[in-house]
>>> print(open('start.cif').read())   # mmCIF, C-alpha atoms
data_final
loop_
_atom_site.label_atom_id
_atom_site.label_comp_id
_atom_site.auth_asym_id
_atom_site.auth_seq_id
_atom_site.Cartn_x
_atom_site.Cartn_y
_atom_site.Cartn_z
CA MET A 1 -0.49 -111.85 -25.60
CA THR A 2 -2.92 -111.27 -28.43
CA SER A 3 -5.24 -108.36 -28.75
CA GLY A 4 -8.93 -108.97 -28.45
CA PRO A 5 -11.58 -108.05 -30.96
CA GLY A 6 -12.46 -104.85 -29.00
CA THR A 7 -8.87 -103.57 -29.20
CA GLU A 8 -8.72 -104.26 -32.96
CA THR A 9 -12.00 -102.46 -33.52
CA LEU A 10 -10.83 -99.44 -31.55
CA THR A 11 -7.56 -99.30 -33.53
CA ALA A 12 -9.40 -99.52 -36.80
CA ARG A 13 -11.73 -96.71 -35.72
CA VAL A 14 -8.80 -94.51 -34.74
CA HIS A 15 -7.13 -95.11 -38.13
CA LYS A 16 -10.36 -94.34 -39.97
CA GLY A 17 -10.89 -91.20 -37.92
CA LEU A 18 -7.36 -89.96 -38.62
CA HIS A 19 -7.78 -90.75 -42.31
CA ARG A 20 -11.05 -88.81 -42.50
CA ALA A 21 -9.50 -85.87 -40.66
CA ARG A 22 -6.50 -85.84 -43.02
CA ILE A 23 -8.73 -85.98 -46.11
CA GLY A 24 -10.96 -83.26 -44.68
CA MET A 25 -8.03 -80.94 -44.00
CA ARG A 26 -6.62 -81.55 -47.45
CA LYS A 27 -9.99 -80.84 -49.11
CA ALA A 28 -10.48 -77.72 -47.00
CA GLY A 29 -7.04 -76.44 -48.01
CA VAL A 30 -7.66 -77.10 -51.70
CA ASP A 31 -11.11 -75.49 -51.56
CA TYR A 32 -9.70 -72.46 -49.76
CA PHE A 33 -6.99 -71.76 -52.27
CA ARG A 34 -9.47 -72.30 -55.09
CA GLY A 35 -11.69 -69.71 -53.47
CA GLU A 36 -14.47 -72.17 -52.60
CA GLY A 37 -13.87 -72.77 -48.91
CA SER A 38 -14.63 -70.93 -45.69
CA ASP A 39 -12.47 -68.01 -44.57
CA ARG A 40 -12.79 -68.85 -40.87
CA PHE A 41 -9.25 -70.20 -40.70
CA ALA A 42 -7.86 -66.99 -42.21
CA LEU A 43 -10.00 -64.93 -39.84
CA ALA A 44 -8.70 -66.84 -36.82
CA ALA A 45 -5.07 -66.48 -37.92
CA LEU A 46 -5.36 -62.75 -38.60
CA PHE A 47 -7.37 -62.19 -35.42
CA LEU A 48 -4.58 -63.79 -33.35
CA ALA A 49 -1.96 -61.76 -35.22
CA ILE A 50 -3.43 -58.48 -33.96
CA PRO A 51 -2.69 -58.99 -30.22
CA ALA A 52 0.71 -60.40 -31.16
CA ILE A 53 1.54 -57.23 -33.12
CA ALA A 54 0.16 -55.04 -30.32
CA ALA A 55 2.30 -56.86 -27.76
CA GLY A 56 5.34 -56.44 -29.98
CA THR A 57 4.60 -52.72 -30.31
CA LEU A 58 4.37 -52.32 -26.53
CA TRP A 59 7.60 -54.28 -26.06
CA ARG A 60 9.77 -52.78 -28.84
CA PRO A 61 7.96 -49.83 -30.48
CA GLU A 62 11.13 -48.78 -32.27
CA TRP A 63 11.11 -52.12 -34.14
CA ILE A 64 7.39 -52.83 -34.41
CA ALA A 65 5.68 -49.52 -35.11
CA PRO A 66 2.02 -48.94 -34.19
CA THR A 67 1.18 -48.75 -37.90
CA ALA A 68 2.18 -52.42 -38.21
CA LEU A 69 -1.50 -53.16 -37.56
CA VAL A 70 -2.15 -52.36 -41.21
CA LEU A 71 -0.53 -55.70 -42.15
CA PRO A 72 -3.40 -57.94 -40.94
CA VAL A 73 -5.84 -55.30 -42.18
CA ILE A 74 -4.39 -55.51 -45.71
CA ALA A 75 -4.35 -59.30 -45.60
CA GLY A 76 -7.94 -59.30 -44.37
CA GLY A 77 -9.03 -57.14 -47.28
CA LEU A 78 -7.66 -59.79 -49.64
CA LEU A 79 -8.73 -62.91 -47.77
CA LEU A 80 -11.93 -62.25 -45.85
CA ARG A 81 -15.55 -61.64 -46.63
CA PRO A 82 -16.94 -58.22 -45.65
CA ALA A 83 -18.75 -59.48 -42.53
CA ASN A 84 -15.64 -61.19 -41.14
CA LEU A 85 -13.53 -58.22 -42.17
CA LEU A 86 -15.54 -55.99 -39.83
CA ILE A 87 -14.70 -58.37 -36.96
CA LEU A 88 -11.02 -57.99 -37.79
CA TYR A 89 -11.33 -54.21 -37.94
CA SER A 90 -12.98 -54.17 -34.50
CA ALA A 91 -10.03 -56.11 -33.09
CA SER A 92 -7.58 -53.68 -34.74
CA ALA A 93 -9.44 -50.69 -33.27
CA ALA A 94 -9.40 -52.31 -29.83
CA ALA A 95 -5.64 -52.88 -30.15
CA LEU A 96 -5.10 -49.21 -30.98
CA VAL A 97 -7.15 -48.18 -27.95
CA VAL A 98 -5.13 -50.46 -25.65
CA GLU A 99 -1.81 -49.24 -27.07
CA SER A 100 -2.89 -45.61 -26.71
CA ALA A 101 -3.95 -46.15 -23.09
CA LEU A 102 -0.69 -47.89 -22.14
CA PHE A 103 1.60 -45.49 -24.02
CA GLY A 104 -0.11 -42.37 -22.72
CA PRO A 105 -0.82 -39.13 -24.63
CA TYR A 106 0.90 -38.88 -28.01
CA ASP A 107 2.57 -35.55 -27.12
CA ASP A 108 4.46 -37.10 -24.19
CA GLY A 109 7.21 -38.51 -26.37
CA PRO A 110 8.06 -40.64 -29.42
CA ASP A 111 6.52 -44.03 -30.29
CA ARG A 112 3.05 -42.94 -29.19
CA ILE A 113 -0.29 -43.54 -30.92
CA THR A 114 -0.77 -40.34 -32.89
CA PRO A 115 -3.83 -39.22 -34.86
CA GLY A 116 -1.83 -39.93 -37.99
CA THR A 117 -1.43 -43.59 -36.95
CA VAL A 118 -5.19 -43.92 -36.49
CA LEU A 119 -5.85 -42.27 -39.86
CA VAL A 120 -3.41 -44.58 -41.68
CA VAL A 121 -4.95 -47.74 -40.20
CA ALA A 122 -8.48 -46.44 -40.85
CA ALA A 123 -7.71 -45.49 -44.46
CA VAL A 124 -6.16 -48.89 -45.21
CA GLY A 125 -9.17 -50.57 -43.60
CA PHE A 126 -11.58 -48.48 -45.68
CA PHE A 127 -9.95 -49.44 -48.96
CA GLY A 128 -9.71 -53.06 -47.85
CA LEU A 129 -13.45 -53.06 -47.18
CA LEU A 130 -14.14 -51.61 -50.63
CA ILE A 131 -12.06 -54.39 -52.21
CA ALA A 132 -13.83 -57.06 -50.16
CA GLN A 133 -17.26 -55.70 -51.11
CA PHE A 134 -16.30 -55.63 -54.78
CA ARG A 135 -15.13 -59.23 -54.64
CA SER A 136 -18.31 -60.23 -52.83
CA ARG A 137 -20.49 -58.53 -55.44
CA VAL A 138 -18.61 -60.07 -58.37
CA GLY A 139 -18.52 -63.46 -56.66
CA VAL A 140 -14.85 -64.15 -57.52
CA PRO A 141 -12.47 -64.55 -54.57
CA TRP A 142 -9.06 -62.99 -55.04
CA ARG A 143 -7.42 -66.39 -54.86
CA ARG A 144 -9.40 -67.50 -57.91
CA GLY A 145 -9.71 -64.27 -59.84
CA GLY A 146 -6.19 -64.28 -61.31
CA THR A 147 -6.50 -67.96 -62.20
CA MET A 148 -9.77 -67.33 -64.00
CA LEU A 149 -8.25 -64.55 -66.09
CA PHE A 150 -5.30 -66.78 -66.93
CA ASP A 151 -7.68 -69.59 -67.93
CA LEU A 152 -9.65 -67.22 -70.16
CA ARG A 153 -6.51 -66.02 -71.88
CA GLU A 154 -5.30 -69.57 -72.45
CA ARG A 155 -8.71 -70.61 -73.77
CA ILE A 156 -8.61 -67.86 -76.39
CA ARG A 157 -5.06 -68.86 -77.29
CA VAL A 158 -5.96 -72.55 -77.66
CA GLN A 159 -9.06 -71.76 -79.70
CA SER A 160 -6.92 -69.62 -82.02
CA LYS A 161 -4.46 -72.43 -82.66
CA LEU A 162 -4.54 -73.64 -86.25
CA PRO A 163 -4.65 -77.38 -86.99
CA LYS A 164 -1.59 -79.11 -88.36
CA LEU A 165 -1.36 -78.92 -92.13
CA PRO A 166 -0.26 -81.70 -94.49
CA LYS A 167 3.10 -81.82 -96.20
CA GLY A 168 3.53 -79.01 -98.69
CA TRP A 169 1.66 -76.46 -96.55
CA HIS A 170 2.50 -74.38 -93.52
CA HIS A 171 1.03 -71.44 -91.65
CA GLU A 172 2.29 -68.54 -89.56
CA MET A 173 0.12 -66.58 -87.14
CA ALA A 174 0.62 -63.77 -84.63
CA LEU A 175 -1.81 -61.93 -82.36
CA ARG A 176 -0.91 -58.69 -80.61
CA PRO A 177 -3.45 -57.13 -78.20
CA ALA A 178 -3.70 -53.37 -77.85
CA GLY A 179 -1.44 -51.69 -75.33
CA GLY A 180 0.52 -54.84 -74.52
CA GLN A 181 -2.44 -56.41 -72.71
CA SER A 182 -3.12 -60.14 -72.50
CA PHE A 183 -6.57 -60.04 -74.08
CA SER A 184 -7.48 -59.15 -77.64
CA GLY A 185 -10.60 -58.40 -79.62
CA ASP A 186 -9.09 -60.23 -82.60
CA PHE A 187 -9.32 -64.01 -82.71
CA VAL A 188 -9.00 -66.95 -85.08
CA VAL A 189 -10.94 -70.21 -85.20
CA ALA A 190 -9.96 -72.99 -87.60
CA SER A 191 -10.85 -76.55 -88.45
CA ARG A 192 -10.06 -79.22 -91.03
CA THR A 193 -13.29 -80.63 -92.45
CA HIS A 194 -14.39 -83.18 -95.08
CA GLY A 195 -11.94 -85.78 -93.87
CA GLY A 196 -9.19 -83.22 -93.39
CA ASN A 197 -9.04 -82.17 -97.04
CA ILE A 198 -10.62 -78.77 -96.44
CA LEU A 199 -9.12 -76.12 -94.17
CA GLU A 200 -11.60 -73.57 -92.84
CA VAL A 201 -10.21 -70.49 -91.09
CA VAL A 202 -12.17 -67.55 -89.71
CA LEU A 203 -10.38 -64.35 -88.65
CA THR A 204 -12.63 -61.98 -86.69
CA ASP A 205 -12.16 -58.44 -85.41
CA VAL A 206 -14.65 -57.57 -82.64
CA SER A 207 -15.61 -53.92 -82.22
CA GLY A 208 -13.60 -52.24 -79.48
CA LYS A 209 -10.10 -53.13 -78.38
CA GLY A 210 -8.14 -54.82 -75.62
CA MET A 211 -10.02 -55.67 -72.42
CA ASP A 212 -13.18 -53.90 -73.64
CA ALA A 213 -13.55 -56.39 -76.49
CA ALA A 214 -12.02 -59.43 -74.78
CA SER A 215 -15.19 -60.74 -73.12
CA ARG A 216 -17.15 -60.51 -76.39
CA ALA A 217 -14.26 -62.06 -78.30
CA LEU A 218 -14.21 -65.01 -75.89
CA LEU A 219 -17.95 -65.57 -76.27
CA LEU A 220 -17.84 -65.26 -80.05
CA SER A 221 -14.76 -67.46 -80.44
CA GLY A 222 -16.53 -70.26 -78.59
CA ALA A 223 -19.70 -69.84 -80.64
CA PHE A 224 -17.85 -69.52 -83.96
CA GLY A 225 -15.72 -72.54 -83.14
CA GLY A 226 -18.89 -74.57 -82.63
CA LEU A 227 -20.43 -73.34 -85.89
CA LEU A 228 -17.31 -73.89 -87.99
CA GLY A 229 -17.42 -77.29 -89.62
CA SER A 230 -20.98 -77.92 -88.41
CA LEU A 231 -22.47 -75.93 -91.29
CA PRO A 232 -21.76 -75.76 -95.02
CA PRO A 233 -19.11 -73.10 -95.71
CA HIS A 234 -21.64 -70.66 -97.21
CA GLY A 235 -23.86 -71.03 -94.15
CA PHE A 236 -21.26 -70.00 -91.58
CA LEU A 237 -21.34 -66.20 -91.90
CA PRO A 238 -25.16 -65.98 -92.02
CA ALA A 239 -25.33 -68.14 -88.87
CA ALA A 240 -22.63 -66.03 -87.18
CA ASN A 241 -24.51 -62.87 -88.14
CA GLY A 242 -27.73 -64.22 -86.63
CA TYR A 243 -25.94 -65.22 -83.43
CA LEU A 244 -24.42 -61.75 -83.05
CA LEU A 245 -27.78 -60.07 -83.62
CA ARG A 246 -29.38 -62.18 -80.89
CA GLN A 247 -26.85 -60.91 -78.33
CA ASP A 248 -28.30 -57.38 -78.62
CA TRP A 249 -25.04 -55.72 -77.52
CA ASP A 250 -24.72 -51.94 -77.54
CA GLU A 251 -21.47 -52.26 -79.48
CA GLY A 252 -22.20 -55.58 -81.08
CA PHE A 253 -20.76 -55.56 -84.59
CA ALA A 254 -17.70 -57.41 -85.87
CA THR A 255 -15.82 -57.94 -89.10
CA SER A 256 -14.87 -61.41 -90.22
CA ILE A 257 -13.20 -63.19 -93.13
CA HIS A 258 -13.79 -66.88 -93.81
CA LEU A 259 -11.27 -68.91 -95.81
CA VAL A 260 -12.29 -72.30 -97.28
CA LEU A 261 -9.16 -73.94 -98.73
CA ASP A 262 -8.88 -77.26 -100.56
CA LEU A 263 -5.54 -78.66 -99.40
CA ASP A 264 -5.35 -81.06 -102.36
CA SER A 265 -5.86 -78.64 -105.24
CA GLY A 266 -5.09 -75.30 -103.61
CA ASP A 267 -8.45 -73.87 -104.71
CA TYR A 268 -10.11 -71.60 -102.16
CA GLU A 269 -13.06 -69.36 -101.48
CA LEU A 270 -13.03 -66.21 -99.38
CA LEU A 271 -16.20 -64.91 -97.77
CA SER A 272 -16.05 -61.52 -96.09
CA ALA A 273 -18.26 -59.73 -93.58
CA GLY A 274 -17.06 -56.15 -93.87
CA HIS A 275 -13.45 -57.29 -93.39
CA LEU A 276 -10.33 -56.01 -95.11
CA PRO A 277 -9.31 -57.91 -98.25
CA ALA A 278 -6.84 -60.76 -98.10
CA LEU A 279 -3.56 -60.48 -99.99
CA GLN A 280 -2.23 -63.23 -102.26
CA LEU A 281 1.38 -63.40 -103.36
CA SER A 282 1.80 -65.03 -106.76
CA ALA A 283 5.09 -66.89 -107.00
CA GLY A 284 5.06 -66.46 -110.77
CA THR A 285 4.85 -62.67 -110.81
CA GLY A 286 6.10 -61.80 -107.32
CA ARG A 287 3.18 -59.41 -106.88
CA TRP A 288 0.53 -59.13 -104.18
CA GLU A 289 -3.11 -59.14 -105.25
CA GLU A 290 -6.12 -58.19 -103.14
CA LYS A 291 -8.81 -60.86 -102.72
CA SER A 292 -12.09 -59.90 -101.11
CA GLY A 293 -15.63 -61.19 -100.98
CA GLU A 294 -18.66 -58.97 -100.59
CA GLY A 295 -20.72 -58.73 -97.43
CA PRO A 296 -21.80 -56.37 -94.62
CA LEU A 297 -20.55 -56.26 -91.04
CA LEU A 298 -21.71 -58.99 -88.70
CA GLY A 299 -24.44 -57.94 -86.29
CA VAL A 300 -25.84 -55.02 -88.31
CA TYR A 301 -28.99 -56.42 -89.93
CA ASP A 302 -30.69 -59.74 -90.48
CA GLY A 303 -30.77 -61.58 -93.81
CA ALA A 304 -27.35 -60.34 -94.94
CA GLN A 305 -25.82 -61.85 -98.09
CA PHE A 306 -22.15 -62.85 -98.31
CA ASP A 307 -20.77 -63.39 -101.80
CA PRO A 308 -17.47 -65.31 -102.11
CA VAL A 309 -14.43 -64.67 -104.24
CA LYS A 310 -12.50 -67.65 -105.61
CA GLY A 311 -8.83 -68.22 -106.16
CA THR A 312 -6.05 -70.80 -106.23
CA LEU A 313 -2.85 -71.12 -104.23
CA ARG A 314 -0.20 -72.60 -106.50
CA PRO A 315 3.19 -73.88 -105.28
CA GLY A 316 5.13 -70.95 -103.83
CA ASP A 317 2.03 -68.77 -103.35
CA VAL A 318 1.15 -67.12 -100.02
CA LEU A 319 -2.20 -65.93 -98.71
CA MET A 320 -2.19 -63.26 -96.00
CA LEU A 321 -5.16 -62.44 -93.74
CA PHE A 322 -4.99 -59.55 -91.25
CA THR A 323 -7.06 -57.13 -89.18
CA ASP A 324 -7.31 -53.37 -89.56
CA GLY A 325 -5.05 -52.66 -86.58
CA LEU A 326 -2.14 -53.77 -88.76
CA VAL A 327 -2.68 -51.29 -91.59
CA GLU A 328 -4.88 -48.51 -90.19
CA ALA A 329 -3.51 -45.56 -88.23
CA ALA A 330 -4.44 -41.95 -87.55
CA ASP A 331 -1.65 -40.59 -89.76
CA ARG A 332 -2.26 -42.82 -92.80
CA ASP A 333 -5.14 -44.41 -94.71
CA ILE A 334 -5.69 -48.13 -95.16
CA ALA A 335 -4.31 -48.22 -98.72
CA GLU A 336 -1.01 -46.76 -97.55
CA GLY A 337 -0.92 -49.23 -94.67
CA ILE A 338 -1.46 -52.15 -97.04
CA ASP A 339 1.34 -50.89 -99.30
CA ARG A 340 3.65 -50.72 -96.31
CA LEU A 341 2.67 -54.24 -95.24
CA THR A 342 3.31 -55.75 -98.67
CA GLY A 343 6.58 -53.87 -98.92
CA GLU A 344 7.80 -55.42 -95.68
CA ALA A 345 6.47 -58.84 -96.70
CA ASP A 346 8.49 -58.71 -99.95
CA ARG A 347 11.64 -59.10 -97.85
CA TYR A 348 10.60 -62.67 -97.02
CA VAL A 349 9.83 -63.82 -100.54
CA THR A 350 13.29 -65.23 -101.23
CA SER A 351 14.09 -66.52 -97.73
CA GLY A 352 10.64 -67.93 -96.90
CA PHE A 353 7.94 -66.83 -94.47
CA ALA A 354 8.93 -68.97 -91.49
CA GLY A 355 8.50 -66.75 -88.41
CA ALA A 356 7.46 -63.80 -90.58
CA ALA A 357 4.07 -63.06 -88.99
CA TRP A 358 5.47 -61.73 -85.73
CA HIS A 359 8.24 -59.77 -87.42
CA LEU A 360 5.79 -58.17 -89.85
CA ILE A 361 3.67 -56.88 -86.96
CA GLU A 362 6.79 -55.54 -85.26
CA ALA A 363 7.88 -53.78 -88.43
CA VAL A 364 4.52 -52.40 -89.58
CA ALA A 365 2.47 -51.79 -86.43
CA LYS A 366 4.67 -52.21 -83.37
CA ASP A 367 3.38 -49.21 -81.44
CA VAL A 368 -0.21 -49.06 -82.69
CA ASN A 369 -2.72 -48.87 -79.84
CA ASP A 370 -5.06 -51.39 -81.46
CA ASP A 371 -5.45 -55.16 -81.60
CA ARG A 372 -3.48 -56.71 -84.44
CA ALA A 373 -3.67 -60.16 -86.00
CA LEU A 374 -1.83 -61.60 -88.99
CA LEU A 375 -2.19 -65.03 -90.58
CA LEU A 376 -0.10 -66.47 -93.41
CA ILE A 377 -1.06 -69.61 -95.35
CA CYS A 378 1.88 -70.75 -97.48
CA ARG A 379 2.09 -73.46 -100.13
CA ASP A 380 5.62 -74.75 -100.49
CA ALA A 381 7.28 -74.43 -103.87
#
>>> encode(input="start.cif", output="structure tokens")
Amino acid sequence: MTSGPGTETLTARVHKGLHRARIGMRKAGVDYFRGEGSDRFALAALFLAIPAIAAGTLWRPEWIAPTALVLPVIAGGLLLRPANLLILYSASAAALVVESALFGPYDDGPDRITPGTVLVVAAVGFFGLLIAQFRSRVGVPWRRGGTMLFDLRERIRVQSKLPKLPKGWHHEMALRPAGGQSFSGDFVVASRTHGGNILEVVLTDVSGKGMDAASRALLLSGAFGGLLGSLPPHGFLPAANGYLLRQDWDEGFATSIHLVLDLDSGDYELLSAGHLPALQLSAGTGRWEEKSGEGPLLGVYDGAQFDPVKGTLRPGDVLMLFTDGLVEAADRDIAEGIDRLTGEADRYVTSGFAGAAWHLIEAVAKDVNDDRALLLICRDA
């Protein structure tokens, strides 16, 4: 017996309906965990958990204490919007009232609803409401907030990655935020321009440190990355200075050093905006020499001039760029810090500088409560 057209149509509609429902549930789940969906499902689940916990307390109070009601309250503070959180709190208060009525006065024996139980649940609810209101004001659900911070950190890390260099060259770089945090006010942007023959690297130290400077460092690293390679080398720092001035930040200055290196000849130019000098190791003499251009801090005044200094990296030479957190400390001046840095770097002259950047920071400024960045550009002998 064959099915008629009506039966086939009904079957097809059922399949389509189930497919739409499955897609809808999947999308709702993805949106929820991304922080973009409704919290009604979480509210329903937590709302049903409250009578279940209350029933368990009435049945076995020695195993399920009355204060167990703080569990859905804590979860609600993380999952729900403030308006729905108040609904959950009303259910929790009603559960406490029912438990108190069925258990009797708290001084009649153990496992009763005491004033301390009410205070604990109320205090947890108060702090949960504060957290929910903060999240609502910021507009970042807790499920997405950690992911956003991770994405920001990875974006800074990717933007600070140097391009691959041709044979005969290599680089070493290390960034250490202040206080062991994940975000730093120091950042690097780099690009190979003019058909890949020119390496441009900009090392910047934003005023402030750690999380205080991280948001400005992220904004500046994106802007500087867009400017680098889009302008002639001598136009980069003036454009960066103008961009920083337009932000009108209360603490809006930064230091920066811009390296323009010809990878064929080894000739380079250094342009500085109030940054510490670079250090060049000459393979012929084994000595470190300071190299620094002239220029004011970024974001101080308009129309600033940045005069370059020129040099050449010959086979075996090394150029070292760093931020002040590596050489400056309360108990020593910058000159002493630079001497200490070059002294430690001399240990790598014979064995090579592979992996040296991280070890130099550990040796020179391991415990300094400041952002630290170190970049080595090496030309193989």
>>> closest_atom_pairs(input="start.cif", of="stretch 241-344 of chain A", to="stretch 166-186 of chain A", cutoff="10 Å", atoms="only C-alpha atoms", output="Markdown table")
| residue | atom | partner | partner_atom | distance |
| --- | --- | --- | --- | --- |
| A:Ala254 | CA | A:Gly185 | CA | 9.5 |
| A:Thr255 | CA | A:Asp186 | CA | 9.6 |
| A:Ser256 | CA | A:Asp186 | CA | 9.6 |
| A:Leu263 | CA | A:Pro166 | CA | 7.8 |
| A:Asp264 | CA | A:Pro166 | CA | 9.4 |
| A:Gly266 | CA | A:Trp169 | CA | 9.8 |
| A:Pro315 | CA | A:Gly168 | CA | 8.4 |
| A:Gly316 | CA | A:Gly168 | CA | 9.7 |
| A:Val318 | CA | A:His171 | CA | 9.4 |
| A:Leu319 | CA | A:His171 | CA | 9.5 |
| A:Met320 | CA | A:Glu172 | CA | 9.5 |
| A:Leu321 | CA | A:Met173 | CA | 9.4 |
| A:Phe322 | CA | A:Asp186 | CA | 9.6 |
| A:Thr323 | CA | A:Asp186 | CA | 7.6 |
| A:Asp324 | CA | A:Asp186 | CA | 9.9 |
| A:Gly325 | CA | A:Ala178 | CA | 8.9 |
| A:Leu326 | CA | A:Arg176 | CA | 9.6 |
>>> atom_distance(input="start.cif", atom1="atom CA of A:Asp370", atom2="atom CA of A:Asp307")
28.4 Å
>>> closest_residue(input="start.cif", among="A:Tyr268, A:Phe236, A:Trp63, A:Phe47", to="A:Ala93", atoms="all atoms listed in the file")
A:Phe47
>>> atom_distance(input="start.cif", atom1="atom CA of A:Ala357", atom2="atom CA of A:Thr342")
12.2 Å
>>> closest_residue(input="start.cif", among="A:Ile87, A:Val206, A:Phe126, A:Phe103", to="A:Arg60", atoms="all atoms listed in the file")
A:Phe103
>>> resolve_selection(input="start.cif", expression="the PyMOL selection byres ((chain A and resi 187) around 10)", output="short mmCIF file (atom, residue, chain, number, x, y, z; two decimals) with C-alpha atoms, in the coordinates of the input")
data_model
loop_
_atom_site.label_atom_id
_atom_site.label_comp_id
_atom_site.auth_asym_id
_atom_site.auth_seq_id
_atom_site.Cartn_x
_atom_site.Cartn_y
_atom_site.Cartn_z
CA ILE A 156 -8.61 -67.86 -76.39
CA ARG A 157 -5.06 -68.86 -77.29
CA GLN A 159 -9.06 -71.76 -79.70
CA SER A 160 -6.92 -69.62 -82.02
CA LYS A 161 -4.46 -72.43 -82.66
CA LEU A 175 -1.81 -61.93 -82.36
CA PHE A 183 -6.57 -60.04 -74.08
CA SER A 184 -7.48 -59.15 -77.64
CA GLY A 185 -10.60 -58.40 -79.62
CA ASP A 186 -9.09 -60.23 -82.60
CA VAL A 188 -9.00 -66.95 -85.08
CA VAL A 189 -10.94 -70.21 -85.20
CA VAL A 202 -12.17 -67.55 -89.71
CA LEU A 203 -10.38 -64.35 -88.65
CA THR A 204 -12.63 -61.98 -86.69
CA ASP A 205 -12.16 -58.44 -85.41
CA VAL A 206 -14.65 -57.57 -82.64
CA ALA A 214 -12.02 -59.43 -74.78
CA ALA A 217 -14.26 -62.06 -78.30
CA LEU A 218 -14.21 -65.01 -75.89
CA LEU A 220 -17.84 -65.26 -80.05
CA SER A 221 -14.76 -67.46 -80.44
CA SER A 256 -14.87 -61.41 -90.22
CA THR A 323 -7.06 -57.13 -89.18
CA ASP A 371 -5.45 -55.16 -81.60
CA ARG A 372 -3.48 -56.71 -84.44
CA ALA A 373 -3.67 -60.16 -86.00
#
>>> atom_distance(input="start.cif", atom1="atom CA of A:Leu227", atom2="atom CA of A:Ala278")
22.2 Å
>>> resolve_selection(input="start.cif", expression="the PyMOL selection byres ((chain A and resi 294) around 9)", output="PyMOL selection string")
chain A and resi 271-274+292-293+295-296+305-309
>>> closest_residue(input="start.cif", among="A:Trp249, A:Trp288, A:Tyr89, A:Phe134", to="A:Ser215", atoms="all atoms listed in the file")
A:Trp249
>>> resolve_selection(input="start.cif", expression="the PyMOL selection byres ((chain A and resi 303) around 9)", output="list in words")
Pro238, Asn241, Gly242, Tyr301, Asp302, Ala304 and Gln305 of chain A
>>> closest_residue(input="start.cif", among="A:Ala122, A:Leu80, A:Val158, A:Leu360", to="A:Ala45", atoms="all atoms listed in the file")
A:Leu80
>>> residues_around(input="start.cif", residues="A:Thr57", least_positions_apart="5", cutoff="10 Å", atoms="all atoms listed in the file", output="count of residues only")
13
>>> build_atoms(input="start.cif", residues="stretch 217-227 of chain A", atoms="N, CA, C and O atoms", output="PDB file, in the coordinates of the input")
ATOM      1  N   ALA A 217     -15.063 -61.193 -77.447  1.00  0.00           N
ATOM      2  CA  ALA A 217     -14.260 -62.060 -78.300  1.00  0.00           C
ATOM      3  C   ALA A 217     -14.257 -63.494 -77.782  1.00  0.00           C
ATOM      4  O   ALA A 217     -14.317 -64.449 -78.563  1.00  0.00           O
ATOM      5  N   LEU A 218     -14.186 -63.663 -76.453  1.00  0.00           N
ATOM      6  CA  LEU A 218     -14.210 -65.010 -75.890  1.00  0.00           C
ATOM      7  C   LEU A 218     -15.531 -65.693 -76.188  1.00  0.00           C
ATOM      8  O   LEU A 218     -15.563 -66.861 -76.593  1.00  0.00           O
ATOM      9  N   LEU A 219     -16.636 -64.981 -76.004  1.00  0.00           N
ATOM     10  CA  LEU A 219     -17.950 -65.570 -76.270  1.00  0.00           C
ATOM     11  C   LEU A 219     -18.093 -65.924 -77.742  1.00  0.00           C
ATOM     12  O   LEU A 219     -18.554 -67.020 -78.098  1.00  0.00           O
ATOM     13  N   LEU A 220     -17.692 -65.012 -78.620  1.00  0.00           N
ATOM     14  CA  LEU A 220     -17.840 -65.260 -80.050  1.00  0.00           C
ATOM     15  C   LEU A 220     -16.908 -66.356 -80.534  1.00  0.00           C
ATOM     16  O   LEU A 220     -17.282 -67.153 -81.399  1.00  0.00           O
ATOM     17  N   SER A 221     -15.689 -66.411 -79.993  1.00  0.00           N
ATOM     18  CA  SER A 221     -14.760 -67.460 -80.440  1.00  0.00           C
ATOM     19  C   SER A 221     -15.295 -68.842 -80.106  1.00  0.00           C
ATOM     20  O   SER A 221     -15.166 -69.781 -80.895  1.00  0.00           O
ATOM     21  N   GLY A 222     -15.935 -68.976 -78.925  1.00  0.00           N
ATOM     22  CA  GLY A 222     -16.530 -70.260 -78.590  1.00  0.00           C
ATOM     23  C   GLY A 222     -17.698 -70.601 -79.498  1.00  0.00           C
ATOM     24  O   GLY A 222     -17.835 -71.745 -79.973  1.00  0.00           O
ATOM     25  N   ALA A 223     -18.552 -69.604 -79.771  1.00  0.00           N
ATOM     26  CA  ALA A 223     -19.700 -69.840 -80.640  1.00  0.00           C
ATOM     27  C   ALA A 223     -19.260 -70.114 -82.079  1.00  0.00           C
ATOM     28  O   ALA A 223     -19.759 -71.055 -82.726  1.00  0.00           O
ATOM     29  N   PHE A 224     -18.314 -69.330 -82.586  1.00  0.00           N
ATOM     30  CA  PHE A 224     -17.850 -69.520 -83.960  1.00  0.00           C
ATOM     31  C   PHE A 224     -17.129 -70.853 -84.117  1.00  0.00           C
ATOM     32  O   PHE A 224     -17.233 -71.510 -85.148  1.00  0.00           O
ATOM     33  N   GLY A 225     -16.384 -71.246 -83.076  1.00  0.00           N
ATOM     34  CA  GLY A 225     -15.720 -72.540 -83.140  1.00  0.00           C
ATOM     35  C   GLY A 225     -16.704 -73.690 -83.211  1.00  0.00           C
ATOM     36  O   GLY A 225     -16.435 -74.717 -83.855  1.00  0.00           O
ATOM     37  N   GLY A 226     -17.865 -73.536 -82.541  1.00  0.00           N
ATOM     38  CA  GLY A 226     -18.890 -74.570 -82.630  1.00  0.00           C
ATOM     39  C   GLY A 226     -19.591 -74.587 -83.969  1.00  0.00           C
ATOM     40  O   GLY A 226     -19.987 -75.656 -84.466  1.00  0.00           O
ATOM     41  N   LEU A 227     -19.767 -73.408 -84.589  1.00  0.00           N
ATOM     42  CA  LEU A 227     -20.430 -73.340 -85.890  1.00  0.00           C
ATOM     43  C   LEU A 227     -19.531 -73.843 -87.016  1.00  0.00           C
ATOM     44  O   LEU A 227     -20.009 -74.466 -87.970  1.00  0.00           O
TER      45      LEU A 227
END
